[in-house]
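Peer 1: Input structure: input05.txt, which contains compact mmCIF, C-alpha atoms.
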# COMPACT_ATOMS: atom_id res chain seq x y z
CA MET E 263 0.00 0.00 0.00
CA VAL E 264 1.31 3.45 -0.90
CA THR E 265 1.28 5.85 2.02
CA GLN E 266 -0.45 9.11 1.21
CA ARG E 267 1.85 12.07 1.67
CA PRO E 268 0.74 14.77 4.10
CA ALA E 269 0.17 18.19 2.58
CA TYR E 270 3.21 20.35 1.83
CA SER E 271 5.50 17.31 1.65
CA ALA E 272 5.25 17.20 -2.16
CA ALA E 273 7.78 20.05 -2.30
CA PHE E 274 10.40 17.63 -1.00
CA ALA E 275 9.84 14.88 -3.58
CA PRO E 276 13.13 13.99 -5.33
CA ASP E 277 11.89 15.02 -8.78
CA VAL E 278 10.66 18.41 -7.53
CA LEU E 279 13.19 19.58 -4.96
CA PRO E 280 15.94 21.67 -6.57
CA SER E 281 19.60 21.34 -5.80
CA LEU E 282 20.99 24.57 -4.38
CA ASN E 283 24.49 26.00 -4.32
CA ALA E 284 25.99 26.83 -0.95
CA ILE E 285 27.03 30.41 -0.31
CA PRO E 286 30.84 30.37 0.03
CA GLN E 287 32.20 31.14 3.50
CA LEU E 288 28.76 31.89 4.90
CA GLU E 289 27.66 28.27 4.51
CA ASP E 290 30.96 26.42 4.72
CA LEU E 291 29.69 24.48 7.71
CA THR E 292 29.76 20.81 8.64
CA ALA E 293 27.40 18.68 10.66
CA GLU E 294 30.29 17.90 12.99
CA TRP E 295 30.73 21.60 13.70
CA ALA E 296 26.99 22.26 14.01
CA TRP E 297 25.88 19.47 16.31
CA GLY E 298 28.72 16.91 16.38
CA ASP E 299 28.67 14.96 19.64
CA SER E 300 26.20 17.31 21.33
CA SER E 301 23.54 15.63 23.47
CA GLY E 302 21.40 18.74 23.99
CA LYS E 303 22.59 19.05 27.57
CA GLY E 304 21.22 22.06 29.42
CA ILE E 305 18.72 23.13 26.75
CA ARG E 306 15.12 23.56 27.91
CA VAL E 307 12.74 22.14 25.31
CA ALA E 308 8.99 22.47 25.58
CA VAL E 309 6.62 20.04 23.88
CA LEU E 310 3.20 21.67 23.50
CA ASP E 311 0.93 18.72 22.93
CA SER E 312 -1.21 16.07 24.61
CA GLY E 313 1.28 15.52 27.44
CA ILE E 314 4.32 13.29 27.84
CA ASP E 315 4.33 9.85 29.42
CA ALA E 316 7.54 9.99 31.45
CA THR E 317 7.23 6.28 32.30
CA HIS E 318 7.61 5.26 28.65
CA SER E 319 10.93 3.60 27.85
CA ALA E 320 11.58 6.18 25.11
CA ILE E 321 11.39 8.98 27.70
CA ALA E 322 12.97 7.15 30.65
CA GLY E 323 11.63 9.53 33.26
CA LYS E 324 13.43 12.54 31.83
CA VAL E 325 10.76 15.23 32.03
CA ALA E 326 12.00 18.29 33.89
CA GLY E 327 8.69 20.07 34.30
CA TYR E 328 4.99 20.07 33.58
CA VAL E 329 2.08 22.40 33.09
CA ALA E 330 -1.42 21.35 32.00
CA ILE E 331 -3.66 24.21 30.93
CA ASN E 332 -7.45 23.88 31.01
CA GLU E 333 -10.30 26.31 30.54
CA ASN E 334 -12.73 26.69 33.44
CA GLU E 335 -16.48 27.07 32.97
CA ASP E 336 -16.19 30.83 33.50
CA GLY E 337 -13.61 31.11 30.72
CA SER E 338 -10.62 31.55 33.01
CA LEU E 339 -7.61 29.29 32.64
CA ALA E 340 -6.24 26.84 35.18
CA TYR E 341 -2.55 25.96 35.27
CA GLU E 342 -1.65 22.65 36.90
CA THR E 343 2.05 22.02 37.44
CA GLU E 344 1.86 18.53 38.93
CA PRO E 345 3.31 15.68 36.84
CA HIS E 346 0.83 14.42 34.25
CA GLY E 347 0.66 11.72 31.61
CA ASP E 348 -0.26 11.72 27.95
CA VAL E 349 -3.99 11.65 27.24
CA TYR E 350 -3.54 10.56 23.62
CA GLY E 351 0.00 9.42 22.75
CA HIS E 352 0.91 12.18 20.31
CA GLY E 353 3.03 14.19 22.74
CA THR E 354 4.97 11.12 23.84
CA ALA E 355 5.69 10.31 20.19
CA CYS E 356 7.13 13.78 19.57
CA ALA E 357 9.09 13.75 22.82
CA GLY E 358 10.50 10.31 22.05
CA ILE E 359 11.81 11.44 18.66
CA LEU E 360 13.27 14.57 20.20
CA ARG E 361 14.96 12.65 23.00
CA SER E 362 16.52 10.22 20.50
CA PHE E 363 18.47 13.21 19.18
CA ALA E 364 19.07 15.10 22.42
CA PRO E 365 18.92 12.66 25.35
CA ASP E 366 20.32 15.15 27.85
CA SER E 367 17.98 18.02 27.04
CA GLU E 368 15.53 19.22 29.67
CA LEU E 369 12.05 18.26 28.47
CA TYR E 370 9.01 20.23 29.58
CA SER E 371 5.51 18.94 28.92
CA ILE E 372 2.98 21.69 28.22
CA ARG E 373 -0.35 19.92 27.84
CA VAL E 374 -2.80 21.94 25.75
CA LEU E 375 -4.60 19.13 23.89
CA GLY E 376 -7.26 16.77 25.17
CA PRO E 377 -8.03 13.04 24.77
CA ASN E 378 -9.32 13.53 21.21
CA LEU E 379 -6.18 15.48 20.24
CA THR E 380 -8.25 18.64 20.07
CA GLY E 381 -7.97 21.86 21.99
CA LYS E 382 -8.90 25.52 22.12
CA GLY E 383 -6.94 28.33 20.54
CA ASN E 384 -6.83 30.36 23.75
CA VAL E 385 -5.36 27.38 25.62
CA PHE E 386 -2.77 26.85 22.90
CA ALA E 387 -1.81 30.54 23.06
CA ALA E 388 -1.60 30.37 26.85
CA GLY E 389 0.72 27.37 26.60
CA LEU E 390 3.00 29.19 24.19
CA ARG E 391 3.03 32.25 26.40
CA TRP E 392 3.90 30.07 29.41
CA ALA E 393 6.85 28.62 27.47
CA ILE E 394 8.13 32.11 26.64
CA GLU E 395 7.70 33.46 30.16
CA ASN E 396 9.29 30.43 31.79
CA GLY E 397 12.56 30.39 29.93
CA MET E 398 12.15 27.67 27.34
CA GLN E 399 14.80 27.78 24.61
CA VAL E 400 13.13 25.56 22.00
CA CYS E 401 9.46 24.67 21.52
CA ASN E 402 8.13 21.77 19.48
CA LEU E 403 4.72 22.73 18.08
CA SER E 404 3.31 19.69 16.31
CA LEU E 405 -0.09 21.35 16.35
CA GLY E 406 -1.78 24.42 15.01
CA THR E 407 -5.09 26.09 14.31
CA THR E 408 -6.97 27.07 11.18
CA ASN E 409 -9.15 29.52 13.13
CA ARG E 410 -8.27 33.05 11.98
CA GLU E 411 -9.52 34.39 15.29
CA TYR E 412 -6.16 33.31 16.72
CA PHE E 413 -3.98 34.53 13.86
CA ALA E 414 -3.02 37.79 15.59
CA ILE E 415 -2.29 36.48 19.09
CA LEU E 416 -0.25 33.53 17.82
CA HIS E 417 1.63 35.82 15.44
CA GLN E 418 2.38 38.17 18.32
CA LEU E 419 3.62 35.29 20.47
CA ALA E 420 5.73 33.83 17.65
CA ASP E 421 7.42 37.22 17.21
CA LEU E 422 7.87 37.55 20.98
CA ALA E 423 9.57 34.15 21.07
CA TYR E 424 11.80 35.18 18.16
CA PHE E 425 12.86 38.37 19.92
CA HIS E 426 13.71 36.29 23.02
CA ASN E 427 15.78 33.88 20.87
CA ILE E 428 13.35 31.06 21.56
CA VAL E 429 13.23 28.77 18.54
CA LEU E 430 9.74 27.60 17.56
CA VAL E 431 9.72 24.46 15.40
CA THR E 432 6.28 23.95 13.90
CA ALA E 433 4.61 21.18 11.93
CA ALA E 434 2.68 22.17 8.83
CA ASN E 435 -0.92 21.04 8.65
CA ASN E 436 -1.39 17.61 7.03
CA MET E 437 -4.03 19.12 4.77
CA PRO E 438 -3.31 21.81 2.14
CA ILE E 439 -4.92 24.55 4.19
CA THR E 440 -3.66 27.64 5.98
CA SER E 441 -2.87 27.03 9.62
CA PHE E 442 -1.03 28.89 12.33
CA PRO E 443 1.67 29.29 13.52
CA SER E 444 3.39 27.03 10.95
CA LEU E 445 3.19 29.58 8.14
CA TYR E 446 4.74 32.51 10.00
CA ALA E 447 8.17 33.66 8.85
CA SER E 448 9.56 33.77 12.41
CA VAL E 449 9.19 30.01 12.98
CA ILE E 450 10.93 26.97 11.55
CA SER E 451 8.22 25.18 9.58
CA VAL E 452 8.50 21.48 8.77
CA ALA E 453 6.74 18.99 6.50
CA SER E 454 7.31 15.28 5.91
CA THR E 455 9.66 13.41 3.65
CA ASP E 456 10.08 9.66 3.27
CA GLU E 457 13.80 9.93 4.03
CA ARG E 458 14.87 7.06 6.30
CA ASP E 459 17.95 8.67 7.83
CA PRO E 460 16.77 10.81 10.76
CA PHE E 461 19.68 13.20 10.32
CA VAL E 462 18.95 13.92 6.66
CA TYR E 463 16.60 16.79 5.94
CA TYR E 464 15.94 19.23 3.09
CA TYR E 465 15.44 22.94 2.55
CA ASN E 466 12.60 24.26 0.42
CA PRO E 467 13.56 27.54 -1.32
CA ARG E 468 9.89 28.19 -2.05
CA PRO E 469 8.33 28.54 1.43
CA PRO E 470 6.14 29.01 3.46
CA VAL E 471 7.14 25.50 4.61
CA GLU E 472 10.93 25.67 4.70
CA PHE E 473 12.21 22.27 5.82
CA GLY E 474 11.37 18.65 5.11
CA ALA E 475 12.36 15.85 7.48
CA ARG E 476 11.55 12.22 8.12
CA GLY E 477 7.83 11.92 8.80
CA ILE E 478 6.43 9.08 6.70
CA ASP E 479 6.10 5.59 8.20
CA VAL E 480 8.01 6.49 11.34
CA ARG E 481 8.01 4.16 14.33
CA VAL E 482 7.28 6.20 17.45
CA ALA E 483 6.57 5.83 21.14
CA TRP E 484 2.86 5.88 22.03
CA ARG E 485 0.55 5.62 24.97
CA ASP E 486 0.56 2.68 27.42
CA GLY E 487 4.25 2.05 26.81
CA GLY E 488 3.73 0.96 23.22
CA PHE E 489 5.11 1.86 19.80
CA ILE E 490 3.25 2.41 16.54
CA THR E 491 4.12 3.40 12.97
CA VAL E 492 2.74 6.77 11.93
CA THR E 493 2.82 9.32 9.13
CA GLY E 494 2.41 13.05 9.49
CA ASN E 495 4.11 16.40 9.59
CA SER E 496 3.74 16.22 13.37
CA PHE E 497 6.49 13.63 13.47
CA ALA E 498 8.80 15.44 11.06
CA ALA E 499 8.96 18.53 13.28
CA PRO E 500 10.65 16.88 16.29
CA HIS E 501 13.44 15.61 14.03
CA ILE E 502 14.33 19.24 13.35
CA THR E 503 13.66 20.20 16.98
CA GLY E 504 16.19 17.58 18.04
CA LEU E 505 18.85 18.99 15.73
CA VAL E 506 18.11 22.54 16.87
CA THR E 507 18.52 21.44 20.49
CA ARG E 508 21.90 19.90 19.74
CA ILE E 509 23.04 23.01 17.88
CA LEU E 510 22.08 25.32 20.75
CA ALA E 511 23.78 23.10 23.31
CA LYS E 512 27.02 23.09 21.32
CA HIS E 513 26.94 26.80 20.47
CA PRO E 514 25.45 28.78 23.37
CA GLY E 515 24.32 32.28 22.56
CA LEU E 516 23.08 31.73 19.03
CA ALA E 517 20.11 33.80 17.93
CA ALA E 518 17.06 32.22 16.30
CA PHE E 519 18.10 33.53 12.88
CA HIS E 520 21.53 31.91 13.28
CA VAL E 521 19.86 28.55 13.85
CA LYS E 522 17.75 28.77 10.73
CA ALA E 523 20.80 29.76 8.66
CA ILE E 524 22.76 26.78 10.01
CA LEU E 525 19.91 24.41 9.17
CA ARG E 526 19.73 25.79 5.64
CA ALA E 527 23.48 25.40 5.15
CA LEU E 528 23.42 21.72 6.15
CA ALA E 529 20.30 20.65 4.27
CA ALA E 530 20.93 17.63 2.05
CA ASN E 531 19.99 19.47 -1.15
CA VAL E 532 22.48 22.30 -0.63
CA LYS E 533 25.59 21.57 -2.68
CA HIS E 534 28.98 22.49 -1.31
CA PRO E 535 31.99 23.01 -3.59
CA ALA E 536 34.40 20.08 -3.67
Translate this file's structure into C-alpha cells.
Peer 2:
Amino acid sequence: MVTQRPAYSAAFAPDVLPSLNAIPQLEDLTAEWAWGDSSGKGIRVAVLDSGIDATHSAIAGKVAGYVAINENEDGSLAYETEPHGDVYGHGTACAGILRSFAPDSELYSIRVLGPNLTGKGNVFAAGLRWAIENGMQVCNLSLGTTNREYFAILHQLADLAYFHNIVLVTAANNMPITSFPSLYASVISVASTDERDPFVYYYNPRPPVEFGARGIDVRVAWRDGGFITVTGNSFAAPHITGLVTRILAKHPGLAAFHVKAILRALAANVKHPA
C-alpha cells in the first residue's frame, strides 16, 4: 500500500526539490561543527501537545517540568504544574523522537490538547506564552489552528519568542490549508519526507514551509508504553527540533536567525563546492 503524503511534503519529492548552491564562506559548515557529539545538555525544550508519558521507555523519566492548561467554565484558565501523563500518545511520540536526538535536554511537557487530540486556541496561546515566560529555549509545536480568530495572538507570540531567541519548530498542517503558527516567517516550519535517515533533511527555497524531514512511516513511542508506525508532519517537526537542540547546546548564545541559517546550510539538497 502506498502511504499518502501529508500536505506540503510534495515540495520535498526527489523530482521536484531543486539542488541549491551553498554560499561560500557563509555556509561552509559541517554537521560535525553544528551538532557533532552534542547531546542537547542544558537546553530547555517544551513540547506543547497532549502531554508526555515519562514512564515510557523512550522517555525514561526525563521530564524536567509540567504544566497542564485547562479552561474553566467561567472562561478563566487553570494551570496545573503537577506531573501528568499523555492523554492521547501524540506528545509522547514527539518527545521520544526529540529525545533520540538530544537525550540530555531538559524536556518540559505543556499539555494543551485533550483526549481527542483537540484543543482551544486560547489554551494553545496560553501554553506558548507560558513557554516564553518560563525560559524555554526551543518549543516543538506539532499542532496548530486554522481559526483566523487566533492569527493575531499567535503571530504576536511567535514574534515575541523570536525576539527572546526562543526557537519555535512547527509542523505544517497535514491538509493543504492555511494554519497557524506554521506559516509565520519567524518560525521553523517542517513537512514530511520519506527519508529514512533521521539526520537527513531538506530545505525548500519556495516557502512558506521551509524544511522537510523524516515523517512518513516512522516508528514512534505511544501511549501505554507501546510503539506504533505513523505518518504526518507532526512527526517530522521533532526531528528538526532535536537537531536545533543539539546546535544550541554546542553553540550557546546563538540567535534564532543563526539557527535557521545553520539548518539551511546543512540541508541535504544544498551543494557544497568540492
Peer 1: In file coordinates, which residues lie within 10 Å of (8.3, 20.9, 5.6) using all atoms listed in the file, given as a ChimeraX atom specification?
Peer 2: /E:268-274,432-435,444,450-455,463-466,469-477,495,498-499,502
Peer 1: Env of segment 325-339 of chain E: 6 Å cut, atoms = all atoms listed in the file, seq-sep filter 6 positions within chain, self excluded. Answer as a list in words.
Peer 2: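 The contact residues come out as Pro345, Glu368, Leu369, Tyr370, Ser371, Ile372, Arg373 and Val374 of chain E.
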Peer 1: Using all atoms listed in the file, which of E:Ile439, E:Val278, E:Val309, E:Leu505 sits nearest Asn409 of chain E?
Peer 2: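 Checking each of E:Ile439, E:Val278, E:Val309, E:Leu505 against Asn409 of chain E, counting all atoms listed in the file, the winner is E:Ile439.
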Peer 1: Let me make sure I understand: among E:Pro535, E:Pro500, E:Gly406, E:Gly313, which one has the smallest atom-to-atom distance to Pro286 of chain E if we use only C-alpha atoms?
Peer 2: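 Using only C-alpha atoms, the shortest distance to Pro286 of chain E belongs to E:Pro535.
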Peer 1: Measuring atom to atom with only C-alpha atoms, identify which of E:Leu405, E:Ser301, E:Asn283, E:Ile478 is nearest to Val492 of chain E.
Peer 2: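 Selected residue with least distance to Val492 of chain E: E:Ile478.
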Peer 1: Using all atoms listed in the file, which of the listed residues (E:Ala420, E:Leu375, E:Val482, E:Val462) sits closest to Leu525 of chain E?
Peer 2: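 Of E:Ala420, E:Leu375, E:Val482, E:Val462, the one nearest Leu525 of chain E, counting all atoms listed in the file, is E:Val462.
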Peer 1: What gap, in Å, lies between atom CA of Lys512 of chain E and atom CA of Ile394 of chain E?
Peer 2: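 Atom CA of Ile394 of chain E lies 21.6 Å from atom CA of Lys512 of chain E.
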Peer 1: Work out how far apart atom CA of Arg508 of chain E and atom CA of Leu379 of chain E are and give it in Å to one decimal.
Peer 2: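 A separation of 28.4 Å between them.
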Peer 1: Residues proximal to (17.1, 28.2, 23.6) were defined as those with any atom within 10 Å of that point in the file's coordinates, counting all atoms listed in the file. Which are they, as an MDAnalysis selection string?
Peer 2: chainID E and resid 304:307 397:401 423 426:430 506:507 509:511 514:518
